[in-house]
Structure formats: C-alpha cells, structure tokens
file coords17.cif (mmCIF, C-alpha atoms and all ligand atoms)
data_upload
#
loop_
_atom_site.label_atom_id
_atom_site.label_comp_id
_atom_site.auth_asym_id
_atom_site.auth_seq_id
_atom_site.Cartn_x
_atom_site.Cartn_y
_atom_site.Cartn_z
CA VAL A 1 0.00 0.00 0.00
CA THR A 2 0.94 3.64 -0.37
CA ILE A 3 0.87 6.51 2.11
CA LEU A 4 0.08 9.80 0.41
CA ILE A 5 1.49 13.01 1.88
CA THR A 6 0.05 16.28 0.57
CA GLY A 7 2.22 19.37 0.98
CA VAL A 8 5.21 17.03 0.80
CA ALA A 9 7.62 19.70 -0.46
CA GLY A 10 7.00 21.84 2.62
CA PHE A 11 8.81 21.88 5.94
CA VAL A 12 6.80 19.23 7.79
CA GLY A 13 5.91 17.18 4.69
CA CYS A 14 9.46 16.42 3.60
CA ASN A 15 10.49 15.44 7.14
CA LEU A 16 7.46 13.15 7.40
CA ALA A 17 8.22 11.53 4.04
CA GLN A 18 11.71 10.76 5.26
CA ALA A 19 10.39 9.20 8.48
CA PHE A 20 7.90 6.96 6.65
CA LEU A 21 10.54 5.84 4.14
CA LYS A 22 12.82 4.94 7.05
CA GLN A 23 10.01 2.75 8.41
CA GLY A 24 9.92 0.88 5.09
CA GLU A 25 6.66 2.43 3.81
CA THR A 26 5.93 3.36 0.21
CA VAL A 27 5.26 7.09 -0.04
CA ALA A 28 3.65 9.26 -2.71
CA GLY A 29 3.86 13.03 -2.35
CA PHE A 30 1.74 15.80 -3.87
CA ASP A 31 2.51 19.52 -3.80
CA ASN A 32 1.86 22.48 -6.09
CA LEU A 33 5.21 24.02 -5.07
CA SER A 34 3.56 27.32 -4.18
CA ARG A 35 5.42 27.52 -0.86
CA GLY A 36 7.33 24.26 -0.78
CA ARG A 37 10.40 23.59 -2.89
CA LEU A 38 11.60 20.63 -4.93
CA GLN A 39 14.97 21.07 -3.27
CA ASN A 40 13.36 19.98 0.03
CA LEU A 41 12.75 16.58 -1.56
CA ALA A 42 16.38 16.05 -2.57
CA ILE A 43 16.99 13.51 0.23
CA VAL A 44 13.85 11.43 -0.40
CA SER A 45 13.59 11.66 -4.18
CA THR A 46 16.35 9.10 -4.71
CA ALA A 47 14.39 6.44 -2.77
CA GLN A 48 12.73 3.78 -4.95
CA ARG A 49 9.66 3.79 -2.72
CA PHE A 50 9.03 7.52 -3.19
CA SER A 51 7.16 9.26 -6.00
CA PHE A 52 6.21 12.91 -6.46
CA VAL A 53 3.52 14.69 -8.47
CA GLN A 54 3.25 18.46 -8.81
CA VAL A 55 -0.47 19.17 -8.61
CA ASP A 56 -2.81 21.83 -7.22
CA LEU A 57 -5.18 20.10 -4.80
CA ALA A 58 -7.70 22.94 -5.02
CA GLU A 59 -8.37 21.76 -8.60
CA ILE A 60 -10.43 18.62 -8.04
CA GLU A 61 -10.04 17.28 -11.59
CA ASP A 62 -6.25 17.49 -11.49
CA TYR A 63 -6.10 16.16 -7.93
CA GLY A 64 -8.44 13.27 -8.84
CA ARG A 65 -6.40 12.33 -11.89
CA ALA A 66 -3.13 12.30 -9.93
CA LEU A 67 -4.61 10.34 -7.01
CA ARG A 68 -6.32 7.71 -9.19
CA HIS A 69 -3.05 7.18 -11.02
CA VAL A 70 -1.18 6.43 -7.77
CA HIS A 71 -4.08 4.45 -6.26
CA ASP A 72 -4.47 2.19 -9.34
CA ARG A 73 -0.82 1.15 -9.19
CA ASN A 74 -0.60 0.61 -5.44
CA PRO A 75 -3.69 1.35 -3.28
CA VAL A 76 -3.47 4.38 -1.02
CA SER A 77 -4.34 3.35 2.55
CA GLU A 78 -3.75 6.69 4.30
CA ILE A 79 -3.64 10.32 3.31
CA TRP A 80 -1.58 12.70 5.45
CA HIS A 81 -3.04 16.02 4.45
CA LEU A 82 -0.49 18.74 5.24
CA ALA A 83 -0.97 21.01 2.22
CA ALA A 84 -2.31 24.37 3.35
CA ASN A 85 -1.59 28.05 3.45
CA SER A 86 1.00 28.27 6.22
CA ASP A 87 1.23 32.07 6.20
CA ILE A 88 -1.25 33.68 8.65
CA PRO A 89 -0.74 37.32 7.47
CA ALA A 90 -1.24 36.23 3.82
CA GLY A 91 -4.67 34.89 4.80
CA THR A 92 -5.55 38.15 6.55
CA ALA A 93 -4.58 40.20 3.49
CA ASP A 94 -6.67 37.91 1.27
CA PRO A 95 -9.02 35.42 2.98
CA ALA A 96 -9.40 33.55 -0.31
CA VAL A 97 -5.91 32.13 0.28
CA ASP A 98 -6.98 30.11 3.35
CA MET A 99 -10.30 29.25 1.76
CA ARG A 100 -8.53 27.74 -1.22
CA ASP A 101 -5.30 26.23 0.03
CA THR A 102 -6.50 25.12 3.48
CA PHE A 103 -10.24 24.46 3.28
CA LEU A 104 -10.80 23.51 -0.36
CA THR A 105 -7.80 21.18 -0.43
CA THR A 106 -9.28 19.36 2.61
CA PHE A 107 -12.78 19.30 1.10
CA ASN A 108 -11.41 17.84 -2.15
CA THR A 109 -9.32 15.31 -0.26
CA LEU A 110 -12.45 14.05 1.49
CA ARG A 111 -14.46 13.86 -1.75
CA LEU A 112 -11.77 11.76 -3.38
CA MET A 113 -11.29 9.54 -0.32
CA LYS A 114 -15.00 8.77 -0.42
CA GLU A 115 -14.90 7.96 -4.13
CA LEU A 116 -11.79 5.78 -3.87
CA LYS A 117 -12.65 4.27 -0.47
CA ILE A 118 -9.41 5.37 1.16
CA PRO A 119 -9.99 4.68 4.86
CA THR A 120 -7.62 6.83 6.96
CA LEU A 121 -6.90 10.55 7.06
CA ALA A 122 -4.32 12.38 9.16
CA PHE A 123 -4.66 16.16 9.24
CA SER A 124 -2.27 18.89 10.36
CA SER A 125 -4.46 21.27 12.28
CA SER A 126 -3.19 24.05 14.49
CA SER A 127 -3.33 25.72 17.87
CA ALA A 128 -4.90 28.58 15.87
CA VAL A 129 -8.29 26.79 16.05
CA TYR A 130 -8.49 27.83 19.73
CA GLY A 131 -8.04 31.59 19.42
CA ASP A 132 -6.76 34.01 22.04
CA HIS A 133 -7.43 32.96 25.65
CA GLY A 134 -4.40 34.32 27.51
CA ASP A 135 -3.07 31.89 30.11
CA GLY A 136 -6.19 29.68 30.01
CA MET A 137 -5.23 26.04 29.48
CA LEU A 138 -6.51 24.86 26.11
CA ASN A 139 -7.58 21.27 25.71
CA GLU A 140 -9.02 19.03 23.03
CA VAL A 141 -12.35 18.44 24.75
CA SER A 142 -13.54 21.83 25.96
CA GLY A 143 -11.67 24.23 23.65
CA PRO A 144 -12.83 27.00 23.50
CA LEU A 145 -12.71 26.97 19.70
CA LEU A 146 -12.88 30.66 18.73
CA PRO A 147 -10.18 31.33 16.11
CA ILE A 148 -8.95 34.90 15.58
CA SER A 149 -7.46 34.38 12.11
CA ASN A 150 -8.83 33.11 8.80
CA TYR A 151 -6.00 30.63 8.95
CA GLY A 152 -7.43 29.18 12.20
CA ALA A 153 -11.00 29.45 10.94
CA MET A 154 -10.30 27.39 7.82
CA LYS A 155 -8.40 24.80 9.89
CA LEU A 156 -11.39 24.50 12.21
CA ALA A 157 -13.80 24.23 9.26
CA SER A 158 -11.56 21.47 7.85
CA GLU A 159 -11.66 19.62 11.17
CA ALA A 160 -15.45 19.84 11.16
CA CYS A 161 -15.73 18.29 7.68
CA ILE A 162 -13.31 15.53 8.65
CA SER A 163 -15.35 14.75 11.75
CA ALA A 164 -18.50 14.46 9.64
CA ALA A 165 -16.71 12.23 7.14
CA VAL A 166 -15.86 9.76 9.94
CA GLU A 167 -19.58 9.28 10.44
CA GLU A 168 -20.04 8.51 6.79
CA PHE A 169 -17.00 6.87 5.15
CA LEU A 170 -13.66 7.35 6.94
CA THR A 171 -12.50 4.53 9.20
CA HIS A 172 -10.07 6.72 11.18
CA ALA A 173 -9.16 10.39 11.31
CA HIS A 174 -6.18 11.74 13.22
CA ILE A 175 -6.40 15.47 13.85
CA PHE A 176 -3.11 16.84 15.11
CA ARG A 177 -3.19 20.34 16.55
CA PHE A 178 0.37 21.55 16.04
CA PRO A 179 1.97 24.33 18.07
CA ASN A 180 4.73 26.43 16.47
CA VAL A 181 7.10 23.92 14.94
CA LEU A 182 10.80 24.62 14.40
CA GLY A 183 13.61 23.04 12.39
CA VAL A 184 14.82 22.63 8.82
CA PRO A 185 14.20 22.99 5.95
CA ALA A 186 12.60 26.17 7.29
CA THR A 187 10.10 27.66 4.84
CA HIS A 188 8.62 30.31 7.16
CA GLY A 189 8.48 31.31 10.82
CA VAL A 190 10.04 33.61 13.35
CA ILE A 191 13.61 32.27 13.36
CA LEU A 192 13.93 32.25 9.56
CA ASP A 193 12.51 35.75 9.47
CA PHE A 194 15.06 37.03 12.05
CA VAL A 195 18.01 35.32 10.36
CA ARG A 196 17.03 36.82 6.99
CA ARG A 197 16.50 40.31 8.42
CA LEU A 198 19.96 40.17 9.99
CA ARG A 199 21.53 39.14 6.72
CA THR A 200 20.09 42.29 5.12
CA THR A 201 20.88 44.65 8.03
CA PRO A 202 23.57 42.96 10.15
CA ASP A 203 23.74 45.68 12.81
CA CYS A 204 20.05 45.90 13.70
CA LEU A 205 17.10 43.53 14.11
CA THR A 206 13.59 45.02 13.91
CA VAL A 207 11.06 42.84 15.72
CA LEU A 208 7.30 42.90 14.97
CA GLY A 209 5.55 43.47 18.31
CA ASN A 210 7.05 44.25 21.72
CA GLY A 211 8.83 40.90 22.06
CA ASN A 212 6.76 39.75 25.03
CA GLN A 213 4.61 37.32 23.05
CA GLN A 214 5.16 33.96 24.71
CA LYS A 215 4.51 30.65 23.00
CA SER A 216 5.60 27.07 23.27
CA TYR A 217 7.74 25.68 20.48
CA LEU A 218 8.27 22.12 19.36
CA HIS A 219 11.16 20.77 17.35
CA ILE A 220 10.24 18.96 14.12
CA ASP A 221 11.93 15.74 15.34
CA ASP A 222 9.55 15.63 18.32
CA LEU A 223 6.54 16.51 16.15
CA ILE A 224 7.20 13.65 13.70
CA GLU A 225 7.78 11.22 16.55
CA ALA A 226 4.52 12.28 18.25
CA MET A 227 2.45 11.88 15.08
CA LEU A 228 3.84 8.41 14.38
CA PHE A 229 3.26 7.48 18.03
CA ILE A 230 -0.39 8.58 17.84
CA ARG A 231 -0.81 6.68 14.56
CA GLN A 232 0.27 3.48 16.35
CA ARG A 233 -1.52 3.94 19.65
CA ALA A 234 -4.68 6.03 19.33
CA SER A 235 -7.77 3.88 19.08
CA ASP A 236 -10.61 6.42 18.73
CA ARG A 237 -12.03 6.74 15.23
CA ARG A 238 -11.83 10.52 15.64
CA SER A 239 -8.55 11.11 17.42
CA VAL A 240 -7.79 14.74 18.21
CA PHE A 241 -4.49 15.57 19.90
CA ASN A 242 -2.67 18.72 20.93
CA ILE A 243 1.02 18.22 20.26
CA ALA A 244 3.41 20.57 22.06
CA ALA A 245 6.30 20.94 24.45
CA ASP A 246 5.18 20.54 28.02
CA ASP A 247 6.02 24.06 29.22
CA ALA A 248 4.89 27.68 29.27
CA GLY A 249 7.04 28.48 26.25
CA VAL A 250 9.55 31.23 25.55
CA THR A 251 9.24 34.88 24.54
CA VAL A 252 9.99 36.38 21.15
CA ARG A 253 12.62 38.43 23.01
CA PHE A 254 14.41 35.19 23.98
CA ILE A 255 14.33 33.98 20.36
CA ALA A 256 15.63 37.32 19.05
CA GLU A 257 18.55 37.19 21.50
CA GLU A 258 19.37 33.58 20.62
CA VAL A 259 19.40 34.39 16.88
CA LEU A 260 21.56 37.45 17.49
CA GLY A 261 24.01 35.41 19.52
CA VAL A 262 24.57 33.01 16.62
CA VAL A 263 24.19 35.24 13.56
CA ALA A 264 25.15 38.80 14.56
CA PRO A 265 26.56 39.18 18.08
CA GLY A 266 26.49 42.80 19.20
CA ALA A 267 23.66 43.89 16.88
CA ARG A 268 20.85 46.07 18.29
CA ILE A 269 17.28 44.83 18.68
CA VAL A 270 14.46 47.32 18.04
CA TYR A 271 11.06 46.23 19.32
CA GLY A 272 7.64 47.45 18.17
CA LYS A 273 4.96 48.73 20.55
CA GLU A 274 2.16 46.27 19.87
CA ASP A 275 1.61 43.24 22.09
CA ARG A 276 1.28 41.06 19.00
CA GLY A 277 3.28 40.73 15.79
CA TRP A 278 0.40 40.84 13.28
CA VAL A 279 -3.38 40.55 13.03
CA GLY A 280 -4.35 37.03 14.05
CA ASP A 281 -1.18 36.51 16.09
CA VAL A 282 -2.01 34.92 19.46
CA PRO A 283 0.42 36.60 21.91
CA ARG A 284 0.22 33.95 24.66
CA PHE A 285 -1.21 30.53 24.83
CA ARG A 286 -1.02 27.52 27.10
CA TYR A 287 -1.64 24.20 25.56
CA SER A 288 -2.53 21.08 27.51
CA ILE A 289 -0.81 17.92 26.33
CA ALA A 290 -2.30 15.82 29.12
CA LYS A 291 -4.12 13.63 26.59
CA LEU A 292 -0.94 12.88 24.65
CA ARG A 293 0.96 12.27 27.87
CA ALA A 294 -1.73 9.83 29.03
CA LEU A 295 -1.21 7.93 25.76
CA GLY A 296 2.45 7.57 26.79
CA TRP A 297 4.36 10.22 24.82
CA GLN A 298 6.63 13.03 26.06
CA PRO A 299 8.67 15.47 23.96
CA ARG A 300 12.44 15.09 24.20
CA MET A 301 13.08 18.85 23.95
CA ASP A 302 11.45 21.70 25.83
CA SER A 303 10.79 25.06 24.13
CA VAL A 304 14.23 26.46 25.06
CA GLU A 305 16.06 23.43 23.65
CA ALA A 306 13.88 23.38 20.52
CA VAL A 307 14.63 27.06 19.86
CA ARG A 308 18.39 26.64 20.43
CA LYS A 309 18.61 23.60 18.13
CA ALA A 310 16.52 25.26 15.41
CA VAL A 311 18.45 28.56 15.55
CA SER A 312 21.66 26.70 14.83
CA GLU A 313 20.04 24.58 12.08
CA ILE A 314 18.34 27.52 10.37
CA ALA A 315 21.44 29.72 10.60
CA ASN A 316 23.38 26.93 8.83
CA GLN A 317 20.66 26.58 6.21
CA GLU A 318 20.76 30.30 5.40
CA LEU A 319 24.52 30.83 5.65
CA SER A 320 25.22 27.91 3.32
CA LYS A 321 23.17 29.57 0.55
N1 LIG B 1 5.09 24.80 10.88
C1 LIG B 1 4.26 25.15 11.85
O1 LIG B 1 4.68 25.79 12.82
C2 LIG B 1 2.80 24.76 11.81
C3 LIG B 1 2.00 25.05 12.90
C4 LIG B 1 0.65 24.69 12.87
C5 LIG B 1 0.14 24.01 11.77
N2 LIG B 1 0.96 23.76 10.71
C6 LIG B 1 0.37 23.07 9.53
O2 LIG B 1 1.19 22.00 9.14
C7 LIG B 1 1.16 21.84 7.72
C8 LIG B 1 2.56 21.89 7.17
O3 LIG B 1 3.13 23.16 7.48
P1 LIG B 1 4.57 23.57 7.01
O4 LIG B 1 5.19 24.34 8.09
O5 LIG B 1 5.29 22.38 6.47
O6 LIG B 1 4.19 24.60 5.83
P2 LIG B 1 4.80 24.70 4.36
O7 LIG B 1 4.26 25.94 3.75
O8 LIG B 1 6.28 24.51 4.40
O9 LIG B 1 4.15 23.42 3.64
C9 LIG B 1 2.85 23.42 3.10
C10 LIG B 1 2.95 22.87 1.69
O10 LIG B 1 1.65 22.83 1.08
C11 LIG B 1 1.79 23.17 -0.28
N3 LIG B 1 0.50 23.66 -0.77
C12 LIG B 1 -0.19 24.76 -0.37
N4 LIG B 1 -1.33 24.90 -1.08
C13 LIG B 1 -1.37 23.84 -1.94
C14 LIG B 1 -2.29 23.44 -2.95
N5 LIG B 1 -3.40 24.16 -3.24
N6 LIG B 1 -2.02 22.29 -3.65
C15 LIG B 1 -0.91 21.58 -3.40
N7 LIG B 1 0.01 21.92 -2.47
C16 LIG B 1 -0.22 23.05 -1.75
C17 LIG B 1 2.86 24.25 -0.30
O11 LIG B 1 3.50 24.38 -1.56
C18 LIG B 1 3.83 23.74 0.77
O12 LIG B 1 4.85 22.93 0.23
C19 LIG B 1 0.26 22.96 7.21
O13 LIG B 1 -1.06 22.43 7.07
C20 LIG B 1 0.29 23.98 8.31
O14 LIG B 1 -0.87 24.77 8.33
C21 LIG B 1 2.27 24.11 10.70
#
call {"tool": "encode", "arguments": {"input": "coords17.cif", "output": "structure tokens"}}
result
Amino acid sequence: VTILITGVAGFVGCNLAQAFLKQGETVAGFDNLSRGRLQNLAIVSTAQRFSFVQVDLAEIEDYGRALRHVHDRNPVSEIWHLAANSDIPAGTADPAVDMRDTFLTTFNTLRLMKELKIPTLAFSSSSAVYGDHGDGMLNEVSGPLLPISNYGAMKLASEACISAAVEEFLTHAHIFRFPNVLGVPATHGVILDFVRRLRTTPDCLTVLGNGNQQKSYLHIDDLIEAMLFIRQRASDRRSVFNIAADDAGVTVRFIAEEVLGVVAPGARIVYGKEDRGWVGDVPRFRYSIAKLRALGWQPRMDSVEAVRKAVSEIANQELSK
C-alpha cells in the first residue's frame, strides 16, 4: 500500500516523508510548489519507494487524476493532508488564500477519499483553532474553539468536515493540533525571518511586536515522533491531539537574542509597541498535552532546547546559501 502526503515539499511534509521511508513504507507526495520547494525533496527523491507529483489540490479534476493514477498502481491506505496556506498574514490580506489552500484542499481530499474508499486521514491542524485565551489552558475536549485568524478558521472548518466524514465513510481520522514547529528545511516562521532580516541589516534587528509574546515551540523531530506514536496507539475513530512541548514556552525576546548570539553578536534589537506581531497573532497561549501524555508520549526537547537547536540549524541553512 501507499501513504500519500500532501504538501510534501513543505517543511513538515518532507520530514514526514523521510520518516515513513525509514520505516519501510511506500510514499507518494503531492505539492503544487507554491510555498514548498523541490529542493526539500532532494533527500527522499532518490528512494525507490518515493514518487512525487506536482499538482494543485484545489483543482479537483487534477487532484483526482493524480490520485487515481497512484491508487491504481498501489492502493493508497492513508492520506496525510499537510498542504495548506501556512502564512497567517497572507490569509488576513486575502481570505481567499486560506479558503482555497486550506479548506478547499481538505474538502477535495475528502471527496476523493469517499470515491476511492481510502480509509484513513491524518490532518495537520493548528493551535490557531483555539483563538486568544491568555493563560487559560486549552484542551481538546472543551476548547474553547474561537479562532482569531482566517487561517485558524479554515483549519477549524476542515476539522469539522473531517469529523462528519468519519460518520459517513472514513475509518479513522487523526487530527493533530500543532503548536509552532521549528527546524529545517525552514520555509517560514520567526527564526527564519530574524536570520534573513539580519543578513540584510547585520547591525540591527527590527522585531514585529514588543517581544513579550510567549509561545511554546516544538522541534520537528519531536513533532514527527509524536504523530507516528499517535498513529500506532490512538484507538478512537476521531482522534484529536494537541502536540506541544510541556512548558509555558519562551518569549519572542528570547528567540531574538538567541538568533543574534549566533548570527550577529552585538547587533541592536528594536522592538515594536504592539503586544502582537500581526493581526491574528495569538500573543500567549497555554496548551494542555495531558491527553498525549496519558497515551504515553513526552517530547524530548522543551521550548528552550527546541529554539536553540533550530536557531543553529536555520542559521546553517541560510549561511550555506
Ligand atoms: N510549521 C508550523 O509551525 C505549523 C503550525 C501549525 C500548523 N501547521 C500546519 O502543518 C502543515 C505543514 O506546514 P509547514 O510548516 O510544512 O508549511 P509549508 O508551507 O512549508 O508546507 C505546506 C505545503 O503545502 C503546499 N500547498 C499549499 N497549497 C497547496 C495546494 N493548493 N495544492 C498543493 N500543495 C499546496 C505548499 O506548496 C507547501 O509545500 C500545514 O497544514 C500547516 O498549516 C504548521
């Protein structure tokens, strides 16, 4: 059988493809290369058990043709749907972006899974489905689910359609609510942004917001491990899990200082006045991972360790360009 990963040329997708190939699985990957890059697939593309198709999943005809082609040769047993708009400000500037790349790609995935009787879906949702609740502890059962960005809204709408599909034709759905995930190949995110700004103006880093936003961060290695762990262990037909480091997180100020230390020691940091970096940014959130812990999984790295590892990895990625 084949495992299909959508958004495979993105940050999480290419790491996941690598992990499945290591486990001996056969992997097909789809991506329209709007935000992901072929270069991210360099490590996996040499594997015999890996195939890639460039296709826009918002176009149901094209998506259907590509999926039937893979499915006819070697049945697809699971779809890991990671393709989405990953840029929150882009979805604020034009809500059609989240509608198309996040919601419609999920909607089309479900239509095709029904037609082709593909039983299992894994979906990369986000902490953004919860919204802004300060220090309130957010959990999978009671929410509250009040997104403050179109990005979060379209993730939540996708979750809702997936839940309904379990009633009708899916055997299992794994909904993973990711926190901020760090590592390489970085395609977006705060560390990449800081490293790039410092390459343009090495003596000064301008930070969006006052730097006091505090979030928990998870390293990609831990994220992949958690998802594969849930895939093995979770028994509910609708399994919804928060995945995060088990701590209160770190501030943007901490991240800025870490990046400076590696990339441009001695540079100045200029903070903004706002308590958030952009519209839809959630300045603080606390995420309960009690459910995941009860299943038997713990992250190896806390937020501080994840940030330190990723700063060094992303600095290397950018400096080697
Ligand atoms: N990285 C994080 O911190 C984070 C946090 C929460 C949720 N997520 C979710 O995890 C998933 C992966 O995120 P990522 O960080 O790897 O982002 P990414 O942008 O690197 O990867 C997403 C991939 O989807 C592809 N894509 C987008 N629209 C498409 C379309 N219409 N058809 C085909 N391909 C399309 C892009 O080209 C890209 O390669 C996304 O669903 C994202 O929303 C990520």
call {"tool": "closest_residue", "arguments": {"input": "coords17.cif", "among": "A:Thr120, A:Gln214, A:Asn32, A:Ser127", "to": "Ala165 (chain A)", "atoms": "only C-alpha atoms"}}
result
A:Thr120
call {"tool": "residues_near_ligand", "arguments": {"input": "coords17.cif", "ligand": "ligand LIG 1 (chain B)", "cutoff": "8 Å", "atoms": "all atoms listed in the file", "output": "VMD selection string"}}
result
chain A and resid 6 to 14 30 to 37 54 to 59 81 to 87 100 to 102 104 to 105 123 to 128 151 155 177 to 182 186 to 189
call {"tool": "closest_residue", "arguments": {"input": "coords17.cif", "among": "A:Val76, A:Leu156, A:Ala294, A:Ala164", "to": "Leu110 (chain A)", "atoms": "only C-alpha atoms"}}
result
A:Ala164
call {"tool": "residues_around", "arguments": {"input": "coords17.cif", "residues": "Gln23 (chain A)", "least_positions_apart": "3", "cutoff": "12 Å", "atoms": "only C-alpha atoms", "output": "VMD selection string"}}
result
chain A and resid 3 16 to 20 26 to 27 49 225 228
call {"tool": "residues_around", "arguments": {"input": "coords17.cif", "residues": "Ala264 (chain A)", "least_positions_apart": "3", "cutoff": "8 Å", "atoms": "all atoms listed in the file", "output": "PyMOL selection string"}}
result
chain A and resi 198+202-203+259-261+267
call {"tool": "closest_residue", "arguments": {"input": "coords17.cif", "among": "A:Leu208, A:Ile255, A:Val240, A:Leu292", "to": "Lys273 (chain A)", "atoms": "only C-alpha atoms"}}
result
A:Leu208
call {"tool": "residues_around", "arguments": {"input": "coords17.cif", "residues": "Glu313 (chain A)", "least_positions_apart": "6", "cutoff": "12 Å", "atoms": "only C-alpha atoms", "output": "list in words"}}
result
Leu182, Gly183, Val184, Pro185, Ala186, Ile191, Leu192, Val195, His219, Ile220, Val259, Val262, Val263, Ala306, Val307, Leu319 and Ser320 of chain A
call {"tool": "atom_distance", "arguments": {"input": "coords17.cif", "atom1": "CA of Arg237 (chain A)", "atom2": "CA of Val166 (chain A)"}}
result
7.2 Å
call {"tool": "atom_distance", "arguments": {"input": "coords17.cif", "atom1": "CA of Ala244 (chain A)", "atom2": "CA of Phe107 (chain A)"}}
result
26.5 Å
call {"tool": "closest_residue", "arguments": {"input": "coords17.cif", "among": "A:Glu167, A:Glu257, A:Glu140, A:Asp222", "to": "Ile289 (chain A)", "atoms": "only C-alpha atoms"}}
result
A:Glu140
call {"tool": "closest_residue", "arguments": {"input": "coords17.cif", "among": "A:Thr201, A:Thr2, A:Asn316, A:Ser288", "to": "Asp72 (chain A)", "atoms": "only C-alpha atoms"}}
result
A:Thr2
call {"tool": "atom_distance", "arguments": {"input": "coords17.cif", "atom1": "CA of Ala248 (chain A)", "atom2": "CA of Lys309 (chain A)"}}
result
18.1 Å
